[in-house]
Amino acid sequence: MGAVATDALAIFGQSEREGETMTTLILGQVLKFHGSPFEAPPEATARHDSRGAVAVDGGRILGHGPVDAMRAAHPGAAEIDHGAGLILPGFVDAHMHYPQTAIIASWGKRLIDWLNGYTFPEEARFGDPAYAAEIAGRTLDLMLANGTTSLASYCTIHPESVDAIFEAGAARGMAVWAGKTCMDRNAPDDLRDTAQSAHDDSAALLARWHGQGRARYVITPRFSPTSTPEQLEALGALWAAHPDCLMQTHLSEQTDELVWVAELYPEARDYLDTYEAHGLLGARGLYGHAIHLTERERARLVEIGAALVHCPTSNTFIGSGLFDPSLFGTHRVGLATDTGGGSSFSMLRTMAAAYEIAQLGGTALHPAQLLWLATEGSARALHAEDEVGTLAAGAAADLVVLDLASTPAIAQRAARAEDLWQAVFPTIMMGDDRAVAQVYVAGQAMK
Ligand code: GUN
Ligand code: ZN
């Protein structure tokens, strides 16, 4: 990820040449994970400095610790003091559709009708580069306002839509994973490519964007019903030729969809097999939703080390079903808004929905587990845990600062807190963009 450091230097290079100190201490409460809270007692995996600091230089994190120790280690550093604000890694949204921003919260339909009635007509507009640029910029600004500093987004079938999100990301210094959404059947005429054009357009976009600054190309077949086996095969071949890329798709979201997949792929053992048979199952694969999995699918996904992406507000909003909370302990799982099937841009709201869905499955997720899923868990799903979703030295200085008393209702609840977890949980459950006091991208304050 050397290209990211180069970007950061481009931001900070001027004053470095002038020989000024480059280090800034960002002060507040600091929460850092040193392991997965699903693999050890949650509270034992976190370090909390009630008066701490994160040292930032050249767009990167130098380190963090109690404020006195950090001042001693960085004499003369500039300081930005967030008081009692809680400093965390910026949130990482591991599955969203930026072209659906303008149709979020559309009423009354389940998956297939929702795609045909709301999503496809909107996505058809993204051949217009000006419209794509407008929505890409709007989406990233909404995400930053909600404390999300990086994301994995689907685009539309139009290459212009991919250029738009990567350009918007570069303009803000954000790490963006994205790819052209490929569909060559069961979609309107103006939203279909072919096996060949999907391969060739994706390959050209990959060559243009993958590794440019903080852009990472993601090979993106929408889902098995909208691709022919020939298209899945072509994209499998592209992935085999570029194994460092991620691949993102949807898996077992809604029961009607499962029936449809079985009709379209009569040879397949199950939904996952429609991908597996065409070279689209791998450790760098991101499988969104993964609600109605068979035992074979679960076992195979663990064996491969593939990532599942939990999209809780979407799963309730479109009426898809309840993600099994036991998967958190056994599988690589990221957390995501799935905007605009999801009903919020906020990873706080998304954590709250994950908590509620897990409760229905008999599990009370600990606040540490929720915060970890929204940061390092999603980063691990993207194979980018050294770069985003962490406060580890060397990672990008992408940070969110939460106000744990952002509304009267939250403040009166937090006032009774006896420890950090009690203080932060009301913000997880009831917070929104008002709780985001500041957000930093590569060390730059964005609010
Ligand atoms: N399955 C295929 N496409 C989509 C989409 O855009 N959103 C959701 N939630 N599921 C899908
Ligand atoms: Zn999706």
# chains A, B, ... in the order shown; residues from 1 in each chain; ligands from 1
>>> residues_near_ligand(ligand="ligand 2", cutoff="7 Å", atoms="only C-alpha atoms and all ligand atoms", output="MDAnalysis selection string")
chainID A and resid 95:97 250 288 338 341
>>> write_last_selection(atoms="N, CA and C atoms", output="compact mmCIF listing (two decimals), in the first residue's frame")
# COMPACT_ATOMS: atom_id res chain seq x y z
N HIS A 95 -19.93 -3.22 2.37
CA HIS A 95 -20.83 -3.57 1.24
C HIS A 95 -21.87 -2.47 1.13
N MET A 96 -21.80 -1.71 0.08
CA MET A 96 -22.84 -0.71 -0.18
C MET A 96 -22.93 -0.47 -1.68
N HIS A 97 -24.02 0.20 -2.07
CA HIS A 97 -24.26 0.50 -3.49
C HIS A 97 -24.41 2.01 -3.59
N HIS A 250 -23.46 -11.12 -4.08
CA HIS A 250 -24.52 -11.40 -3.10
C HIS A 250 -24.72 -12.91 -2.99
N GLY A 288 -22.10 -10.98 0.29
CA GLY A 288 -23.03 -10.15 1.03
C GLY A 288 -24.28 -10.90 1.44
N ASP A 338 -25.23 -1.70 3.20
CA ASP A 338 -25.96 -2.12 1.99
C ASP A 338 -26.89 -1.02 1.50
N GLY A 341 -30.51 -0.77 -0.23
CA GLY A 341 -31.37 -1.79 0.36
C GLY A 341 -31.38 -1.59 1.87
>>> residues_around(residues="range 421-426 of chain A", least_positions_apart="2", cutoff="9 Å", atoms="only C-alpha atoms", output="list in words")
Glu43, Leu86, His366, Pro367, Ala368, Leu402, Leu404, Ala405, Ala409, Ile410, Ala411, Arg413, Ala414, Ala415, Arg416, Ala417, Glu418, Asp419, Ile428, Met429, Met430 and Gly431 of chain A
>>> residues_near_ligand(ligand="ligand 1", cutoff="9 Å", atoms="only C-alpha atoms and all ligand atoms", output="PDB file with C-alpha atoms, in the first residue's frame")
ATOM      1  CA  MET A  96     -22.844  -0.714  -0.183  1.00  0.00           C
ATOM      2  CA  HIS A  97     -24.259   0.498  -3.489  1.00  0.00           C
ATOM      3  CA  GLN A 100     -28.737   3.597  -4.753  1.00  0.00           C
ATOM      4  CA  LEU A 111     -35.805  -8.086  -3.086  1.00  0.00           C
ATOM      5  CA  ILE A 112     -36.709  -8.976  -6.680  1.00  0.00           C
ATOM      6  CA  TRP A 114     -37.368  -3.842  -5.193  1.00  0.00           C
ATOM      7  CA  LEU A 115     -34.583  -4.381  -7.754  1.00  0.00           C
ATOM      8  CA  THR A 119     -33.075  -0.034  -8.238  1.00  0.00           C
ATOM      9  CA  PHE A 120     -32.739  -0.792 -11.919  1.00  0.00           C
ATOM     10  CA  TYR A 154     -20.954  -1.688  -6.095  1.00  0.00           C
ATOM     11  CA  ARG A 222     -24.064  -8.607  -9.070  1.00  0.00           C
ATOM     12  CA  PHE A 223     -25.439 -12.069  -8.204  1.00  0.00           C
ATOM     13  CA  SER A 224     -26.020 -15.372  -9.940  1.00  0.00           C
ATOM     14  CA  PRO A 225     -29.552 -14.561 -11.239  1.00  0.00           C
ATOM     15  CA  THR A 226     -28.319 -11.614 -13.308  1.00  0.00           C
ATOM     16  CA  THR A 249     -21.240 -10.483  -4.846  1.00  0.00           C
ATOM     17  CA  HIS A 250     -24.515 -11.399  -3.101  1.00  0.00           C
ATOM     18  CA  LEU A 251     -25.251 -14.795  -1.564  1.00  0.00           C
ATOM     19  CA  SER A 252     -28.447 -16.331  -0.145  1.00  0.00           C
ATOM     20  CA  GLU A 253     -30.249 -13.146   0.768  1.00  0.00           C
ATOM     21  CA  GLN A 254     -33.930 -13.991   0.311  1.00  0.00           C
ATOM     22  CA  GLU A 257     -34.051 -15.665  -4.683  1.00  0.00           C
ATOM     23  CA  GLY A 288     -23.035 -10.146   1.027  1.00  0.00           C
ATOM     24  CA  HIS A 289     -25.959 -11.181   3.269  1.00  0.00           C
ATOM     25  CA  CYS A 311     -26.062  -6.083   6.228  1.00  0.00           C
ATOM     26  CA  SER A 314     -31.097  -4.180   4.717  1.00  0.00           C
ATOM     27  CA  ASN A 315     -32.001  -7.641   5.929  1.00  0.00           C
ATOM     28  CA  ILE A 318     -36.229  -5.722   2.509  1.00  0.00           C
ATOM     29  CA  SER A 320     -34.715 -10.952   3.923  1.00  0.00           C
ATOM     30  CA  ASP A 338     -25.959  -2.125   1.993  1.00  0.00           C
ATOM     31  CA  THR A 339     -27.274   1.321   1.063  1.00  0.00           C
ATOM     32  CA  GLY A 340     -29.905   1.655  -0.475  1.00  0.00           C
ATOM     33  CA  GLY A 341     -31.372  -1.788   0.361  1.00  0.00           C
ATOM     34  CA  GLY A 342     -30.131  -0.827   3.794  1.00  0.00           C
TER      35      GLY A 342
END
>>> residues_around(residues="Ala69 in chain A", least_positions_apart="3", cutoff="12 Å", atoms="only C-alpha atoms", output="list in words")
Leu25, Asp49, Arg51, Gly52, Ala53, Val54, Ala55, Gly63, His64, Gly65, Pro66, Ala72, Ala73, His74 and Pro75 of chain A
>>> select_by_dssp(residues="range 296-379 of chain A", states="helix (DSSP H, G or I)", output="number ranges by chain")
A: 296-304, 312-317, 327-330, 347-360, 367-379
>>> select_by_dssp(residues="range 258-444 of chain A", states="strand (DSSP E)", output="number ranges by chain")
A: 285-289, 307-310, 332-335, 399-402, 436-441, 444
>>> decode(residues="range 393-404 of chain A", atoms="all heavy atoms", output="mmCIF file, in the first residue's frame")
data_model
loop_
_atom_site.group_PDB
_atom_site.id
_atom_site.type_symbol
_atom_site.label_atom_id
_atom_site.label_comp_id
_atom_site.auth_asym_id
_atom_site.auth_seq_id
_atom_site.Cartn_x
_atom_site.Cartn_y
_atom_site.Cartn_z
ATOM 1 N N ALA A 393 0.170 1.472 14.580
ATOM 2 C CA ALA A 393 1.182 2.322 13.948
ATOM 3 C C ALA A 393 1.388 1.878 12.506
ATOM 4 O O ALA A 393 1.457 0.683 12.210
ATOM 5 C CB ALA A 393 2.482 2.231 14.721
ATOM 6 N N GLY A 394 1.439 2.867 11.621
ATOM 7 C CA GLY A 394 1.640 2.572 10.201
ATOM 8 C C GLY A 394 0.362 2.588 9.392
ATOM 9 O O GLY A 394 0.395 2.725 8.172
ATOM 10 N N ALA A 395 -0.770 2.438 10.055
ATOM 11 C CA ALA A 395 -2.059 2.473 9.335
ATOM 12 C C ALA A 395 -2.376 3.905 8.908
ATOM 13 O O ALA A 395 -1.823 4.873 9.438
ATOM 14 C CB ALA A 395 -3.172 1.928 10.222
ATOM 15 N N ALA A 396 -3.283 4.038 7.954
ATOM 16 C CA ALA A 396 -3.748 5.368 7.545
ATOM 17 C C ALA A 396 -4.418 6.054 8.736
ATOM 18 O O ALA A 396 -5.112 5.409 9.524
ATOM 19 C CB ALA A 396 -4.739 5.244 6.394
ATOM 20 N N ALA A 397 -4.208 7.363 8.846
ATOM 21 C CA ALA A 397 -4.818 8.124 9.949
ATOM 22 C C ALA A 397 -6.261 8.476 9.588
ATOM 23 O O ALA A 397 -6.633 9.635 9.417
ATOM 24 C CB ALA A 397 -4.000 9.366 10.251
ATOM 25 N N ASP A 398 -7.075 7.438 9.428
ATOM 26 C CA ASP A 398 -8.513 7.564 9.183
ATOM 27 C C ASP A 398 -9.204 7.347 10.526
ATOM 28 O O ASP A 398 -9.190 6.226 11.060
ATOM 29 C CB ASP A 398 -8.996 6.492 8.197
ATOM 30 C CG ASP A 398 -8.420 6.645 6.799
ATOM 31 O OD1 ASP A 398 -7.828 7.693 6.501
ATOM 32 O OD2 ASP A 398 -8.577 5.688 6.007
ATOM 33 N N LEU A 399 -9.799 8.390 11.070
ATOM 34 C CA LEU A 399 -10.310 8.325 12.445
ATOM 35 C C LEU A 399 -11.717 8.903 12.526
ATOM 36 O O LEU A 399 -12.086 9.778 11.721
ATOM 37 C CB LEU A 399 -9.422 9.159 13.386
ATOM 38 C CG LEU A 399 -7.931 8.890 13.364
ATOM 39 C CD1 LEU A 399 -7.186 9.948 14.178
ATOM 40 C CD2 LEU A 399 -7.624 7.503 13.915
ATOM 41 N N VAL A 400 -12.471 8.422 13.512
ATOM 42 C CA VAL A 400 -13.738 9.087 13.845
ATOM 43 C C VAL A 400 -13.669 9.464 15.320
ATOM 44 O O VAL A 400 -13.073 8.741 16.123
ATOM 45 C CB VAL A 400 -14.950 8.169 13.539
ATOM 46 C CG1 VAL A 400 -14.915 6.880 14.343
ATOM 47 C CG2 VAL A 400 -16.263 8.895 13.792
ATOM 48 N N VAL A 401 -14.233 10.605 15.643
ATOM 49 C CA VAL A 401 -14.323 11.038 17.039
ATOM 50 C C VAL A 401 -15.798 11.113 17.401
ATOM 51 O O VAL A 401 -16.558 11.876 16.780
ATOM 52 C CB VAL A 401 -13.655 12.420 17.242
ATOM 53 C CG1 VAL A 401 -13.667 12.782 18.722
ATOM 54 C CG2 VAL A 401 -12.236 12.428 16.683
ATOM 55 N N LEU A 402 -16.204 10.306 18.375
ATOM 56 C CA LEU A 402 -17.622 10.251 18.756
ATOM 57 C C LEU A 402 -17.886 11.094 19.993
ATOM 58 O O LEU A 402 -17.161 11.001 20.994
ATOM 59 C CB LEU A 402 -18.034 8.796 19.040
ATOM 60 C CG LEU A 402 -18.001 7.818 17.870
ATOM 61 C CD1 LEU A 402 -18.456 6.438 18.341
ATOM 62 C CD2 LEU A 402 -18.879 8.303 16.712
ATOM 63 N N ASP A 403 -18.935 11.877 19.925
ATOM 64 C CA ASP A 403 -19.480 12.581 21.084
ATOM 65 C C ASP A 403 -20.448 11.615 21.759
ATOM 66 O O ASP A 403 -21.474 11.247 21.156
ATOM 67 C CB ASP A 403 -20.192 13.851 20.588
ATOM 68 C CG ASP A 403 -20.948 14.568 21.694
ATOM 69 O OD1 ASP A 403 -20.931 14.090 22.854
ATOM 70 O OD2 ASP A 403 -21.575 15.602 21.393
ATOM 71 N N LEU A 404 -20.133 11.191 22.982
ATOM 72 C CA LEU A 404 -20.960 10.177 23.644
ATOM 73 C C LEU A 404 -22.155 10.780 24.376
ATOM 74 O O LEU A 404 -22.841 10.081 25.122
ATOM 75 C CB LEU A 404 -20.094 9.342 24.606
ATOM 76 C CG LEU A 404 -18.926 8.603 23.942
ATOM 77 C CD1 LEU A 404 -18.203 7.725 24.956
ATOM 78 C CD2 LEU A 404 -19.385 7.760 22.749
#
